[in-house]
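One file, final.txt, is given below (compact mmCIF, C-alpha atoms).
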```txt
# COMPACT_ATOMS: atom_id res chain seq x y z
CA MET A 1 -21.39 53.09 8.44
CA MET A 2 -19.59 50.98 5.84
CA ARG A 3 -16.93 50.05 8.41
CA LYS A 4 -19.59 48.94 10.88
CA HIS A 5 -21.19 46.73 8.23
CA THR A 6 -17.81 45.26 7.29
CA ARG A 7 -17.05 44.57 10.96
CA LEU A 8 -20.44 42.90 11.50
CA ILE A 9 -20.05 40.73 8.41
CA GLY A 10 -16.56 39.75 9.52
CA TRP A 11 -17.77 38.66 12.96
CA ILE A 12 -20.70 36.73 11.50
CA ALA A 13 -18.32 34.91 9.13
CA ALA A 14 -15.91 34.17 11.99
CA VAL A 15 -18.68 32.80 14.23
CA LEU A 16 -20.01 30.58 11.42
CA VAL A 17 -16.53 29.20 10.74
CA ILE A 18 -15.94 28.59 14.46
CA LEU A 19 -19.27 26.76 14.77
CA ALA A 20 -18.49 24.64 11.70
CA PHE A 21 -15.05 23.67 13.03
CA CYS A 22 -16.54 22.83 16.45
CA GLN A 23 -19.21 20.67 14.83
CA LEU A 24 -16.54 18.77 12.86
CA GLY A 25 -14.55 18.28 16.05
CA ARG A 26 -17.65 17.04 17.86
CA TRP A 27 -18.37 14.58 15.02
CA GLN A 28 -14.84 13.21 15.26
CA LEU A 29 -15.29 12.71 19.01
CA GLN A 30 -18.56 10.87 18.39
CA ARG A 31 -16.79 8.58 15.92
CA MET A 32 -14.02 7.97 18.45
CA HIS A 33 -16.48 7.02 21.22
CA ALA A 34 -18.48 4.77 18.88
CA LYS A 35 -15.38 2.85 17.84
CA GLU A 36 -14.10 2.58 21.41
CA ALA A 37 -17.47 1.13 22.43
CA LEU A 38 -17.31 -1.37 19.56
CA LEU A 39 -13.81 -2.52 20.50
CA ALA A 40 -14.83 -2.86 24.15
CA GLN A 41 -17.49 -5.40 23.17
CA GLN A 42 -15.11 -7.86 21.52
CA VAL A 43 -13.81 -9.68 24.60
CA PRO A 44 -17.22 -10.08 26.34
CA ALA A 45 -18.72 -11.34 23.06
CA ARG A 46 -16.39 -14.37 23.06
CA ALA A 47 -17.56 -15.36 26.55
CA GLN A 48 -20.96 -16.62 25.36
CA SER A 49 -21.90 -18.41 22.14
CA LEU A 50 -25.33 -17.93 20.61
CA THR A 51 -27.12 -19.39 17.64
CA LEU A 52 -27.47 -17.02 14.71
CA HIS A 53 -31.19 -16.58 15.39
CA GLN A 54 -30.49 -15.70 19.04
CA ALA A 55 -27.73 -13.26 18.10
CA GLN A 56 -29.86 -11.48 15.52
CA ALA A 57 -32.76 -11.18 17.95
CA ALA A 58 -30.54 -9.73 20.70
CA PRO A 59 -29.57 -6.03 20.92
CA PRO A 60 -27.14 -5.08 18.12
CA LEU A 61 -23.88 -5.68 19.97
CA LEU A 62 -21.01 -7.92 18.97
CA ARG A 63 -22.08 -11.55 19.37
CA TRP A 64 -20.15 -14.80 19.06
CA VAL A 65 -22.16 -17.24 16.94
CA GLN A 66 -21.96 -21.02 16.67
CA ASP A 67 -24.50 -22.73 14.46
CA HIS A 68 -25.17 -25.26 11.71
CA GLY A 69 -26.57 -24.78 8.23
CA ARG A 70 -25.63 -24.49 4.60
CA PHE A 71 -24.11 -21.94 2.29
CA LEU A 72 -26.45 -20.50 -0.34
CA PRO A 73 -25.54 -19.70 -3.96
CA GLY A 74 -24.13 -16.31 -4.85
CA THR A 75 -21.07 -14.28 -3.88
CA ILE A 76 -20.59 -10.62 -2.99
CA LEU A 77 -17.15 -9.07 -3.49
CA LEU A 78 -16.69 -5.83 -1.55
CA ASP A 79 -14.22 -3.64 -3.42
CA ASN A 80 -11.48 -1.35 -2.02
CA GLN A 81 -10.55 -3.49 0.98
CA THR A 82 -6.90 -3.44 2.01
CA ARG A 83 -4.85 -5.98 3.93
CA GLU A 84 -1.21 -5.41 4.86
CA GLY A 85 -1.08 -2.46 2.50
CA ARG A 86 -2.42 -4.37 -0.53
CA ALA A 87 -5.67 -3.62 -2.33
CA GLY A 88 -8.20 -6.37 -2.65
CA LEU A 89 -11.72 -7.64 -2.12
CA LYS A 90 -13.71 -9.00 0.82
CA VAL A 91 -15.56 -12.18 -0.15
CA TYR A 92 -19.06 -12.74 1.23
CA GLN A 93 -21.46 -15.64 0.75
CA PRO A 94 -24.97 -16.02 2.18
CA PHE A 95 -25.52 -18.69 4.80
CA GLN A 96 -28.77 -20.15 6.11
CA THR A 97 -28.97 -21.96 9.42
CA ASP A 98 -31.08 -25.04 10.01
CA ASP A 99 -33.77 -22.90 11.66
CA GLY A 100 -33.93 -20.48 8.70
CA ALA A 101 -31.82 -17.51 9.88
CA ARG A 102 -29.73 -15.92 7.13
CA VAL A 103 -26.54 -13.90 7.18
CA LEU A 104 -23.71 -12.86 4.89
CA VAL A 105 -20.53 -14.64 5.94
CA ASP A 106 -17.18 -12.89 5.58
CA LEU A 107 -14.98 -15.58 4.03
CA GLY A 108 -11.86 -13.45 3.98
CA TRP A 109 -9.75 -11.24 1.76
CA LEU A 110 -8.76 -11.80 -1.86
CA PRO A 111 -6.03 -9.70 -3.57
CA MET A 112 -7.09 -7.71 -6.61
CA PRO A 113 -4.62 -8.07 -9.54
CA PRO A 114 -3.17 -4.88 -11.04
CA ASP A 115 -5.31 -5.35 -14.15
CA ARG A 116 -8.41 -5.56 -11.90
CA VAL A 117 -9.50 -8.80 -13.50
CA ILE A 118 -11.44 -10.59 -10.77
CA PRO A 119 -9.99 -14.07 -10.17
CA PRO A 120 -12.34 -17.08 -10.31
CA ILE A 121 -14.41 -17.54 -7.16
CA THR A 122 -15.20 -21.01 -5.85
CA PRO A 123 -18.27 -20.74 -3.61
CA LEU A 124 -18.63 -22.94 -0.57
CA ALA A 125 -21.40 -25.51 -0.55
CA GLY A 126 -22.93 -28.19 1.62
CA HIS A 127 -24.07 -28.51 5.21
CA THR A 128 -21.49 -27.34 7.73
CA ALA A 129 -20.89 -25.92 11.19
CA ILE A 130 -19.84 -22.29 11.41
CA SER A 131 -18.65 -19.97 14.14
CA GLY A 132 -17.63 -16.37 14.11
CA LEU A 133 -18.27 -12.84 15.25
CA LEU A 134 -21.54 -11.17 14.27
CA ALA A 135 -20.43 -7.61 13.65
CA PRO A 136 -21.33 -4.47 11.66
CA SER A 137 -20.65 -4.48 7.94
CA PRO A 138 -17.38 -2.83 6.87
CA ALA A 139 -17.43 0.93 6.58
CA THR A 140 -17.50 2.26 3.05
CA GLY A 141 -16.88 5.64 1.48
CA LEU A 142 -19.22 7.99 -0.34
CA ALA A 143 -22.28 6.43 -1.93
CA LEU A 144 -21.42 7.10 -5.55
CA GLY A 145 -22.94 5.06 -8.37
CA PRO A 146 -24.71 1.72 -8.02
CA ALA A 147 -24.02 -0.33 -4.91
CA LEU A 148 -23.71 -3.61 -6.86
CA SER A 149 -22.72 -4.53 -10.36
CA PRO A 150 -22.51 -8.03 -11.90
CA ALA A 151 -19.04 -9.54 -12.25
CA PRO A 152 -18.08 -11.58 -15.35
CA GLN A 153 -18.48 -14.80 -13.39
CA PRO A 154 -22.16 -15.81 -13.04
CA GLY A 155 -23.56 -15.45 -9.56
CA VAL A 156 -20.81 -13.05 -8.46
CA TRP A 157 -21.45 -9.38 -7.71
CA LEU A 158 -18.96 -6.57 -7.19
CA ALA A 159 -20.04 -4.17 -4.44
CA SER A 160 -18.90 -0.66 -3.54
CA ARG A 161 -21.11 -0.73 -0.42
CA MET A 162 -23.47 -3.23 1.19
CA PRO A 163 -27.13 -2.14 1.46
CA PRO A 164 -28.90 -5.23 2.86
CA ASP A 165 -31.95 -5.11 0.56
CA ASP A 166 -29.83 -4.56 -2.57
CA MET A 167 -27.70 -7.55 -1.66
CA ALA A 168 -30.77 -9.68 -0.96
CA ARG A 169 -32.18 -8.88 -4.41
CA ALA A 170 -28.86 -9.66 -6.12
CA LEU A 171 -28.68 -13.00 -4.30
CA SER A 172 -32.34 -13.84 -5.07
CA LEU A 173 -33.26 -13.73 -1.39
CA PRO A 174 -36.43 -12.20 0.08
CA THR A 175 -36.28 -8.49 0.84
CA GLY A 176 -35.47 -7.99 4.51
CA SER A 177 -33.87 -11.41 4.91
CA LEU A 178 -30.37 -9.93 5.32
CA ALA A 179 -29.44 -7.61 8.16
CA ALA A 180 -26.84 -4.85 8.26
CA ARG A 181 -24.49 -7.15 10.21
CA VAL A 182 -22.21 -9.85 8.80
CA LEU A 183 -20.63 -12.94 10.32
CA ARG A 184 -16.85 -12.63 10.52
CA LEU A 185 -15.92 -16.28 10.08
CA ASP A 186 -13.58 -17.72 12.69
CA PRO A 187 -10.04 -17.71 11.19
CA ALA A 188 -9.45 -21.11 12.81
CA LEU A 189 -12.05 -22.75 10.58
CA PRO A 190 -10.95 -24.29 7.26
CA GLY A 191 -11.99 -22.88 3.92
CA GLY A 192 -12.35 -19.38 2.61
CA TYR A 193 -9.52 -16.88 2.28
CA PRO A 194 -7.03 -15.12 4.60
CA ARG A 195 -9.02 -13.41 7.33
CA ASP A 196 -8.96 -12.11 10.87
CA LEU A 197 -11.37 -10.60 13.37
CA GLU A 198 -10.04 -7.05 13.07
CA LEU A 199 -13.05 -4.82 13.73
CA LEU A 200 -11.76 -1.63 12.13
CA PRO A 201 -10.18 -2.58 8.81
CA ASN A 202 -9.90 0.17 6.19
CA THR A 203 -10.91 2.80 8.71
CA LEU A 204 -9.37 5.09 11.30
CA PRO A 205 -8.66 3.92 14.86
CA PRO A 206 -10.13 5.91 17.78
CA SER A 207 -6.82 7.68 18.43
CA ARG A 208 -6.84 9.17 14.93
CA HIS A 209 -10.34 10.51 15.42
CA LEU A 210 -9.19 12.14 18.66
CA GLY A 211 -6.28 13.71 16.79
CA TYR A 212 -8.57 15.11 14.11
CA ALA A 213 -10.97 16.42 16.76
CA VAL A 214 -8.13 18.29 18.45
CA GLN A 215 -7.17 19.79 15.08
CA TRP A 216 -10.72 21.00 14.36
CA PHE A 217 -11.10 22.52 17.83
CA GLY A 218 -7.65 24.07 17.45
CA LEU A 219 -8.70 25.68 14.17
CA ALA A 220 -11.84 27.03 15.83
CA LEU A 221 -9.73 28.53 18.61
CA THR A 222 -7.32 30.01 16.05
CA VAL A 223 -10.15 31.76 14.19
CA LEU A 224 -11.46 33.16 17.48
CA VAL A 225 -8.01 34.44 18.50
CA VAL A 226 -7.46 36.07 15.09
CA ALA A 227 -10.87 37.75 15.25
CA LEU A 228 -10.16 39.08 18.75
CA VAL A 229 -6.70 40.35 17.74
CA LEU A 230 -8.17 42.19 14.75
CA GLU A 231 -10.87 43.67 16.98
CA PHE A 232 -8.24 44.78 19.50
CA ARG A 233 -6.16 46.43 16.78
CA ARG A 234 -9.21 48.21 15.44
CA HIS A 235 -9.90 49.67 18.89
CA ARG A 236 -6.27 50.78 19.22
CA ARG A 237 -6.42 52.53 15.85
CA ARG A 238 -9.63 54.30 16.89
CA ARG A 239 -8.07 55.48 20.16
CA GLY A 240 -4.98 56.66 18.31
CA THR A 241 -6.91 58.64 15.68
CA PRO A 242 -7.04 62.36 16.70
CA ARG A 243 -10.43 63.97 16.85
CA ARG A 244 -11.22 66.74 14.42
```
Representation of the structure as structure tokens:
Amino acid sequence: MMRKHTRLIGWIAAVLVILAFCQLGRWQLQRMHAKEALLAQQVPARAQSLTLHQAQAAPPLLRWVQDHGRFLPGTILLDNQTREGRAGLKVYQPFQTDDGARVLVDLGWLPMPPDRVIPPITPLAGHTAISGLLAPSPATGLALGPALSPAPQPGVWLASRMPPDDMARALSLPTGSLAARVLRLDPALPGGYPRDLELLPNTLPPSRHLGYAVQWFGLALTVLVVALVLEFRRHRRRRGTPRR
């Protein structure tokens, strides 16, 4: 009886592990498809320019925006952003168009010194024309600790992630006035910091997700094969045991 219980527990454990590995593989495939779909939107997005208000009212796809307005006070520095292998910060400043639409504008990347002393930030000001790609906010890691903390420079906030309402409060903007998308400023425009329109910075490309999915499914298959081999050996031992 004890052997039967041990065998049952072993199979239950094996099935649970197989299901967990398959679920992880499925999640990696979902991430791969989501990123492939995002990358596929980039070229069509450049074919038509919209105002910021039009882009925000449209379905949440990549949109190319051209508009006029002014930069608002306040700066968000997103931590742990790499560029060409160097650690640094993404610089964001709120922008309001002439018709009242608001968005955080990605002004580019700023290197973080080894002593992690944030360099002085000079915010943009005045009425100007902008263009860029309205895209999802950068992916961040685990939500540990506060999302925003004040930097030594007044009006500057250091962020570990970018919850829209938290950023609106820090920038003294109405709750709900910022969306989960940011405007990736056109690199051809003057001002700001080094930048590009790379959609997947600091994150894995679709091919890596596919590779991880194959690994998880391979582990699930390995557990199944091991369980079947052990079961086969158990049957062989039973057949080879003489009856008394």
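The neighbours of A:Glu231 here are the residues that come within 10 Å of it, using all atoms listed in the file and leaving out any residue fewer than 6 positions away in the same chain; they are Arg7, Trp11, Val225 and Arg237 of chain A.
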- If you count all atoms listed in the file, which residues fall within 9 Å of A:Gln56, apart from same-chain ones fewer than 4 positions away, as JSON, numbers by chain? {"A": [51, 52, 60, 63, 101, 134, 179, 181]}
Requested write-out: C-alpha atoms of the selected residues, as a compact mmCIF listing (two decimals), in the coordinates of the input:
```
# COMPACT_ATOMS: atom_id res chain seq x y z
CA THR A 51 -27.12 -19.39 17.64
CA LEU A 52 -27.47 -17.02 14.71
CA PRO A 60 -27.14 -5.08 18.12
CA ARG A 63 -22.08 -11.55 19.37
CA ALA A 101 -31.82 -17.51 9.88
CA LEU A 134 -21.54 -11.17 14.27
CA ALA A 179 -29.44 -7.61 8.16
CA ARG A 181 -24.49 -7.15 10.21
```
- Separation of atom CA of A:Trp109 from atom CA of A:Met162, in Å and rounded to one decimal: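 Taking atom CA of A:Trp109 as the start and atom CA of A:Met162 as the end point, the length is 15.9 Å.
Note that the spacing between atom CA of A:Ile76 and atom CA of A:Met167 amounts to 7.9 Å.
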- Item | Counting all atoms listed in the file, the option among A:Phe21, A:Ser131, A:Phe217, A:Ser177 closest to A:Pro94 |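 Among the listed residues, the smallest separation from A:Pro94 belongs to A:Ser177.
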- Item | One-decimal distance in Å that lies between atom CA of A:Ala170 and atom CA of A:Thr97 |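 For atom CA of A:Thr97 relative to atom CA of A:Ala170, the distance reads 19.8 Å.
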- Item | Distance criterion (only C-alpha atoms): nearest to A:Gly69 out of A:Val17, A:Ile12, A:Leu200, A:Val103 |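 Of the candidates, the smallest distance to A:Gly69 is held by A:Val103.
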- Which residues come within 12 Å of A:Val226, counting all atoms listed in the file, excluding same-chain residues fewer than 4 positions away, as number ranges by chain? A: 10-11, 14-15, 18, 219-222, 230-233
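Proximity ranking of A:Leu178, A:Ser207, A:Val223, A:Arg238 relative to A:Leu29 places A:Ser207 first, based on all atoms listed in the file.
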Please supply stretch 109-120 of chain A, rebuilt with all heavy atoms, as a PDB file, in the frame of the given file.
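Below is the file that was written, part_5.pdb:
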```
ATOM      1  N   TRP A 109     -10.263 -12.274   2.658  1.00  0.00           N
ATOM      2  CA  TRP A 109      -9.750 -11.240   1.760  1.00  0.00           C
ATOM      3  C   TRP A 109      -9.065 -11.869   0.569  1.00  0.00           C
ATOM      4  O   TRP A 109      -8.309 -12.840   0.703  1.00  0.00           O
ATOM      5  CB  TRP A 109      -8.784 -10.345   2.525  1.00  0.00           C
ATOM      6  CG  TRP A 109      -8.156  -9.254   1.727  1.00  0.00           C
ATOM      7  CD1 TRP A 109      -8.645  -8.002   1.481  1.00  0.00           C
ATOM      8  CD2 TRP A 109      -6.871  -9.299   1.078  1.00  0.00           C
ATOM      9  NE1 TRP A 109      -7.760  -7.276   0.722  1.00  0.00           N
ATOM     10  CE2 TRP A 109      -6.675  -8.044   0.461  1.00  0.00           C
ATOM     11  CE3 TRP A 109      -5.880 -10.289   0.956  1.00  0.00           C
ATOM     12  CZ2 TRP A 109      -5.509  -7.747  -0.258  1.00  0.00           C
ATOM     13  CZ3 TRP A 109      -4.738  -9.993   0.246  1.00  0.00           C
ATOM     14  CH2 TRP A 109      -4.558  -8.735  -0.354  1.00  0.00           C
ATOM     15  N   LEU A 110      -9.325 -11.299  -0.608  1.00  0.00           N
ATOM     16  CA  LEU A 110      -8.760 -11.800  -1.860  1.00  0.00           C
ATOM     17  C   LEU A 110      -8.025 -10.651  -2.537  1.00  0.00           C
ATOM     18  O   LEU A 110      -8.607  -9.574  -2.744  1.00  0.00           O
ATOM     19  CB  LEU A 110      -9.870 -12.319  -2.757  1.00  0.00           C
ATOM     20  CG  LEU A 110      -9.499 -13.027  -4.060  1.00  0.00           C
ATOM     21  CD1 LEU A 110      -8.757 -14.329  -3.767  1.00  0.00           C
ATOM     22  CD2 LEU A 110     -10.765 -13.317  -4.866  1.00  0.00           C
ATOM     23  N   PRO A 111      -6.738 -10.809  -2.915  1.00  0.00           N
ATOM     24  CA  PRO A 111      -6.030  -9.700  -3.570  1.00  0.00           C
ATOM     25  C   PRO A 111      -6.598  -9.403  -4.945  1.00  0.00           C
ATOM     26  O   PRO A 111      -7.011 -10.307  -5.672  1.00  0.00           O
ATOM     27  CB  PRO A 111      -4.583 -10.201  -3.647  1.00  0.00           C
ATOM     28  CG  PRO A 111      -4.692 -11.692  -3.601  1.00  0.00           C
ATOM     29  CD  PRO A 111      -5.878 -11.993  -2.737  1.00  0.00           C
ATOM     30  N   MET A 112      -6.635  -8.132  -5.291  1.00  0.00           N
ATOM     31  CA  MET A 112      -7.090  -7.710  -6.610  1.00  0.00           C
ATOM     32  C   MET A 112      -5.857  -7.519  -7.505  1.00  0.00           C
ATOM     33  O   MET A 112      -4.955  -6.754  -7.173  1.00  0.00           O
ATOM     34  CB  MET A 112      -7.864  -6.406  -6.520  1.00  0.00           C
ATOM     35  CG  MET A 112      -8.274  -5.836  -7.878  1.00  0.00           C
ATOM     36  SD  MET A 112      -9.514  -6.823  -8.731  1.00  0.00           S
ATOM     37  CE  MET A 112     -11.016  -6.098  -8.074  1.00  0.00           C
ATOM     38  N   PRO A 113      -5.779  -8.229  -8.645  1.00  0.00           N
ATOM     39  CA  PRO A 113      -4.620  -8.070  -9.540  1.00  0.00           C
ATOM     40  C   PRO A 113      -4.517  -6.650 -10.068  1.00  0.00           C
ATOM     41  O   PRO A 113      -5.510  -5.910 -10.090  1.00  0.00           O
ATOM     42  CB  PRO A 113      -4.926  -9.064 -10.668  1.00  0.00           C
ATOM     43  CG  PRO A 113      -5.933 -10.006 -10.113  1.00  0.00           C
ATOM     44  CD  PRO A 113      -6.738  -9.218  -9.134  1.00  0.00           C
ATOM     45  N   PRO A 114      -3.337  -6.236 -10.500  1.00  0.00           N
ATOM     46  CA  PRO A 114      -3.170  -4.880 -11.040  1.00  0.00           C
ATOM     47  C   PRO A 114      -4.095  -4.579 -12.216  1.00  0.00           C
ATOM     48  O   PRO A 114      -4.500  -3.431 -12.405  1.00  0.00           O
ATOM     49  CB  PRO A 114      -1.691  -4.847 -11.459  1.00  0.00           C
ATOM     50  CG  PRO A 114      -1.039  -5.874 -10.610  1.00  0.00           C
ATOM     51  CD  PRO A 114      -2.042  -6.951 -10.416  1.00  0.00           C
ATOM     52  N   ASP A 115      -4.420  -5.591 -13.019  1.00  0.00           N
ATOM     53  CA  ASP A 115      -5.310  -5.350 -14.150  1.00  0.00           C
ATOM     54  C   ASP A 115      -6.784  -5.356 -13.762  1.00  0.00           C
ATOM     55  O   ASP A 115      -7.656  -5.180 -14.609  1.00  0.00           O
ATOM     56  CB  ASP A 115      -5.068  -6.398 -15.251  1.00  0.00           C
ATOM     57  CG  ASP A 115      -5.258  -7.834 -14.755  1.00  0.00           C
ATOM     58  OD1 ASP A 115      -5.732  -8.022 -13.613  1.00  0.00           O
ATOM     59  OD2 ASP A 115      -4.931  -8.767 -15.511  1.00  0.00           O
ATOM     60  N   ARG A 116      -7.051  -5.560 -12.463  1.00  0.00           N
ATOM     61  CA  ARG A 116      -8.410  -5.560 -11.900  1.00  0.00           C
ATOM     62  C   ARG A 116      -9.317  -6.592 -12.576  1.00  0.00           C
ATOM     63  O   ARG A 116     -10.529  -6.415 -12.655  1.00  0.00           O
ATOM     64  CB  ARG A 116      -9.047  -4.161 -11.985  1.00  0.00           C
ATOM     65  CG  ARG A 116      -8.421  -3.170 -10.999  1.00  0.00           C
ATOM     66  CD  ARG A 116      -9.273  -1.923 -10.849  1.00  0.00           C
ATOM     67  NE  ARG A 116     -10.624  -2.200 -10.402  1.00  0.00           N
ATOM     68  CZ  ARG A 116     -10.959  -2.381  -9.120  1.00  0.00           C
ATOM     69  NH1 ARG A 116     -10.031  -2.332  -8.173  1.00  0.00           N
ATOM     70  NH2 ARG A 116     -12.217  -2.604  -8.790  1.00  0.00           N
ATOM     71  N   VAL A 117      -8.723  -7.675 -13.019  1.00  0.00           N
ATOM     72  CA  VAL A 117      -9.500  -8.800 -13.500  1.00  0.00           C
ATOM     73  C   VAL A 117      -9.795  -9.699 -12.294  1.00  0.00           C
ATOM     74  O   VAL A 117      -8.879 -10.235 -11.675  1.00  0.00           O
ATOM     75  CB  VAL A 117      -8.758  -9.588 -14.589  1.00  0.00           C
ATOM     76  CG1 VAL A 117      -9.538 -10.844 -14.969  1.00  0.00           C
ATOM     77  CG2 VAL A 117      -8.544  -8.706 -15.807  1.00  0.00           C
ATOM     78  N   ILE A 118     -11.064  -9.843 -11.961  1.00  0.00           N
ATOM     79  CA  ILE A 118     -11.440 -10.590 -10.770  1.00  0.00           C
ATOM     80  C   ILE A 118     -11.103 -12.067 -10.956  1.00  0.00           C
ATOM     81  O   ILE A 118     -11.520 -12.680 -11.943  1.00  0.00           O
ATOM     82  CB  ILE A 118     -12.943 -10.414 -10.486  1.00  0.00           C
ATOM     83  CG1 ILE A 118     -13.258  -8.929 -10.237  1.00  0.00           C
ATOM     84  CG2 ILE A 118     -13.366 -11.252  -9.279  1.00  0.00           C
ATOM     85  CD1 ILE A 118     -14.723  -8.643 -10.076  1.00  0.00           C
ATOM     86  N   PRO A 119     -10.333 -12.650 -10.038  1.00  0.00           N
ATOM     87  CA  PRO A 119      -9.990 -14.070 -10.170  1.00  0.00           C
ATOM     88  C   PRO A 119     -11.221 -14.939  -9.988  1.00  0.00           C
ATOM     89  O   PRO A 119     -12.226 -14.518  -9.400  1.00  0.00           O
ATOM     90  CB  PRO A 119      -8.967 -14.298  -9.050  1.00  0.00           C
ATOM     91  CG  PRO A 119      -9.245 -13.206  -8.062  1.00  0.00           C
ATOM     92  CD  PRO A 119      -9.736 -12.037  -8.845  1.00  0.00           C
ATOM     93  N   PRO A 120     -11.192 -16.178 -10.472  1.00  0.00           N
ATOM     94  CA  PRO A 120     -12.340 -17.080 -10.310  1.00  0.00           C
ATOM     95  C   PRO A 120     -12.656 -17.319  -8.832  1.00  0.00           C
ATOM     96  O   PRO A 120     -11.762 -17.471  -8.005  1.00  0.00           O
ATOM     97  CB  PRO A 120     -11.883 -18.374 -11.001  1.00  0.00           C
ATOM     98  CG  PRO A 120     -10.792 -17.942 -11.930  1.00  0.00           C
ATOM     99  CD  PRO A 120     -10.117 -16.796 -11.266  1.00  0.00           C
TER     100      PRO A 120
END
```
